[in-house]
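> Once you've had a glance at the structure underneath, I'll fire off some questions.
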Amino acid sequence: MPSHFHAVVWIDHSQARIFHLGLSGSDEITLHPHLATRHLHHKANEIGSGHAAPDKTFYAEVTKALADAGEVLILGPANAKTELASHIRAHAPDVAKRIAAVEAADHPSDSEIIAYAKRHFKLPLPRVQAPT
């Protein structure tokens, strides 16, 4: 995979969509956790939060995929984005220094993720030609 300076990852507990961005385009990788994810519900008189435990192997694979990026933007709808950022800070301090931001984003399309990252990193957006 060619090395690009910027990377954006959209992550939840079922997948991580990673895009390496450059002036000439982007590369995408999609990773999935090894642990089965299920909806957990907190029941009365039960011990525990009702949340799934983080899949540390999944976060390690995502961190490895981001290792060559100069700047990283982490997006996601819930806790997975902050769990990933915490994992990176604890296990890959060299990558942690390059985290530009951790921001909330619901469930955007691939093109919306790329456009959001390009605006964040101030990269040129593709020109849209007006119909003639």
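Note on naming: chains are A, B, ... as they come in the structure tokens, residues start from 1 per chain, ligands start from 1 in the order shown.
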Within 10 Å of region 98-108 of chain A, counting only C-alpha atoms, which residues show up once you throw out same-chain ones fewer than 5 positions away? Write them as a PyMOL selection string, please.

chain A and resi 6-12+66-67+69-79+81-82+84-85+88-89+93+113-114+116+120-121

> Could the residues in this selection be written to a file with N, CA and C atoms, as a short mmCIF file (atom, residue, chain, number, x, y, z; two decimals), in the first residue's frame?


```cif
data_model
loop_
_atom_site.label_atom_id
_atom_site.label_comp_id
_atom_site.auth_asym_id
_atom_site.auth_seq_id
_atom_site.Cartn_x
_atom_site.Cartn_y
_atom_site.Cartn_z
N HIS A 6 -1.87 11.49 5.62
CA HIS A 6 -3.04 11.58 6.48
C HIS A 6 -3.82 10.27 6.49
N ALA A 7 -4.41 9.96 7.64
CA ALA A 7 -5.28 8.79 7.74
C ALA A 7 -6.50 9.16 8.57
N VAL A 8 -7.63 8.57 8.21
CA VAL A 8 -8.85 8.71 8.99
C VAL A 8 -9.39 7.31 9.24
N VAL A 9 -9.85 7.07 10.46
CA VAL A 9 -10.48 5.79 10.78
C VAL A 9 -11.85 6.08 11.36
N TRP A 10 -12.86 5.41 10.79
CA TRP A 10 -14.20 5.42 11.37
C TRP A 10 -14.35 4.06 12.03
N ILE A 11 -14.68 4.06 13.32
CA ILE A 11 -14.69 2.80 14.06
C ILE A 11 -15.93 2.70 14.95
N ASP A 12 -16.49 1.49 14.97
CA ASP A 12 -17.47 1.12 15.99
C ASP A 12 -17.09 -0.28 16.45
N LEU A 66 -2.56 2.14 11.11
CA LEU A 66 -2.38 3.59 11.15
C LEU A 66 -0.93 4.01 11.38
N ALA A 67 -0.04 3.05 11.59
CA ALA A 67 1.32 3.34 12.04
C ALA A 67 2.12 4.22 11.09
N ALA A 69 0.98 6.66 9.14
CA ALA A 69 0.35 7.96 8.86
C ALA A 69 1.02 9.07 9.66
N GLY A 70 1.14 10.22 9.04
CA GLY A 70 1.71 11.38 9.72
C GLY A 70 0.72 12.06 10.64
N GLU A 71 -0.56 12.04 10.28
CA GLU A 71 -1.64 12.59 11.10
C GLU A 71 -2.82 11.65 11.03
N VAL A 72 -3.51 11.47 12.16
CA VAL A 72 -4.62 10.53 12.24
C VAL A 72 -5.85 11.23 12.80
N LEU A 73 -6.98 11.03 12.13
CA LEU A 73 -8.28 11.50 12.60
C LEU A 73 -9.10 10.27 12.96
N ILE A 74 -9.64 10.21 14.17
CA ILE A 74 -10.45 9.07 14.62
C ILE A 74 -11.90 9.52 14.73
N LEU A 75 -12.78 8.81 14.04
CA LEU A 75 -14.21 9.11 14.04
C LEU A 75 -14.99 7.89 14.49
N GLY A 76 -16.18 8.11 15.03
CA GLY A 76 -17.04 6.99 15.38
C GLY A 76 -18.27 7.44 16.13
N PRO A 77 -19.28 6.56 16.21
CA PRO A 77 -20.54 6.95 16.82
C PRO A 77 -20.61 6.79 18.34
N ALA A 78 -19.76 5.98 18.92
CA ALA A 78 -19.93 5.67 20.35
C ALA A 78 -18.58 5.55 21.03
N ASN A 79 -18.45 4.58 21.94
CA ASN A 79 -17.25 4.43 22.76
C ASN A 79 -16.03 3.90 22.02
N LYS A 81 -14.40 4.78 19.45
CA LYS A 81 -13.40 5.78 19.05
C LYS A 81 -12.51 6.18 20.22
N THR A 82 -13.10 6.36 21.40
CA THR A 82 -12.29 6.74 22.56
C THR A 82 -11.51 5.55 23.10
N LEU A 84 -10.27 3.20 21.17
CA LEU A 84 -9.13 3.10 20.25
C LEU A 84 -8.07 4.14 20.61
N ALA A 85 -8.49 5.38 20.83
CA ALA A 85 -7.53 6.43 21.19
C ALA A 85 -6.79 6.07 22.48
N ILE A 88 -4.26 3.33 21.70
CA ILE A 88 -3.10 3.88 21.00
C ILE A 88 -2.19 4.61 21.98
N ARG A 89 -2.77 5.42 22.85
CA ARG A 89 -1.95 6.16 23.83
C ARG A 89 -1.19 5.22 24.76
N PRO A 93 2.74 4.99 21.72
CA PRO A 93 2.87 6.43 21.95
C PRO A 93 3.37 7.20 20.74
N ILE A 113 -16.88 10.16 4.82
CA ILE A 113 -15.71 10.06 5.70
C ILE A 113 -14.52 10.75 5.06
N ILE A 114 -14.29 10.46 3.78
CA ILE A 114 -13.15 11.06 3.06
C ILE A 114 -13.30 12.57 2.98
N TYR A 116 -15.02 14.55 4.97
CA TYR A 116 -14.85 15.09 6.32
C TYR A 116 -13.37 15.20 6.66
N HIS A 120 -11.03 18.45 7.40
CA HIS A 120 -10.30 18.53 8.66
C HIS A 120 -8.81 18.80 8.42
N PHE A 121 -8.23 18.07 7.47
CA PHE A 121 -6.80 18.20 7.19
C PHE A 121 -6.50 19.32 6.20
#
```

> At a cut-off of 8 Å, using only C-alpha atoms, what residues contact region 23-26 of chain A? Leave out same-chain residues fewer than 3 positions from it and give the result as number ranges by chain.

A: 19-20, 123-124

> Store the residues picked out above in a file with C-alpha atoms, as a JSON list (two decimals), in the first residue's frame.


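Printed below is result_34.json as written:
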```json
[["chain", "number", "residue", "atom", "x", "y", "z"],
["A", 19, "PHE", "CA", -8.61, 5.53, 4.73],
["A", 20, "HIS", "CA", -5.10, 6.74, 3.92],
["A", 123, "LEU", "CA", -6.77, 18.98, 1.71],
["A", 124, "PRO", "CA", -8.30, 20.02, -1.61]]
```

> Using only C-alpha atoms, which of A:Ala115, A:Ala60, A:Leu125, A:Ala80 sits nearest Ser14 (chain A)?

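Of all the options, A:Ala80 lies closest to Ser14 (chain A).
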
> Name the residues in contact with Phe58 (chain A) at a cut-off of 10 Å, using only C-alpha atoms, excluding same-chain residues fewer than 5 positions from it; report them as number ranges by chain.

A: 13-16, 31-35, 63-64, 84

> Out of A:Glu83, A:Glu112, A:Glu28, A:Asp94, which residue has the shortest atom-to-atom distance to Lys56 (chain A) when counting only C-alpha atoms?

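Closest to Lys56 (chain A), using only C-alpha atoms: A:Glu83.
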
> In Å, rounded to a single decimal, give me how far CA of His91 (chain A) is from CA of Thr57 (chain A).

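Spanning CA of Thr57 (chain A) to CA of His91 (chain A) is a straight-line distance of 11.7 Å.
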
> State, in Å with one decimal place, the distance from CA of Asp55 (chain A) to CA of Ser86 (chain A).

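These two atoms are separated by 12.7 Å.
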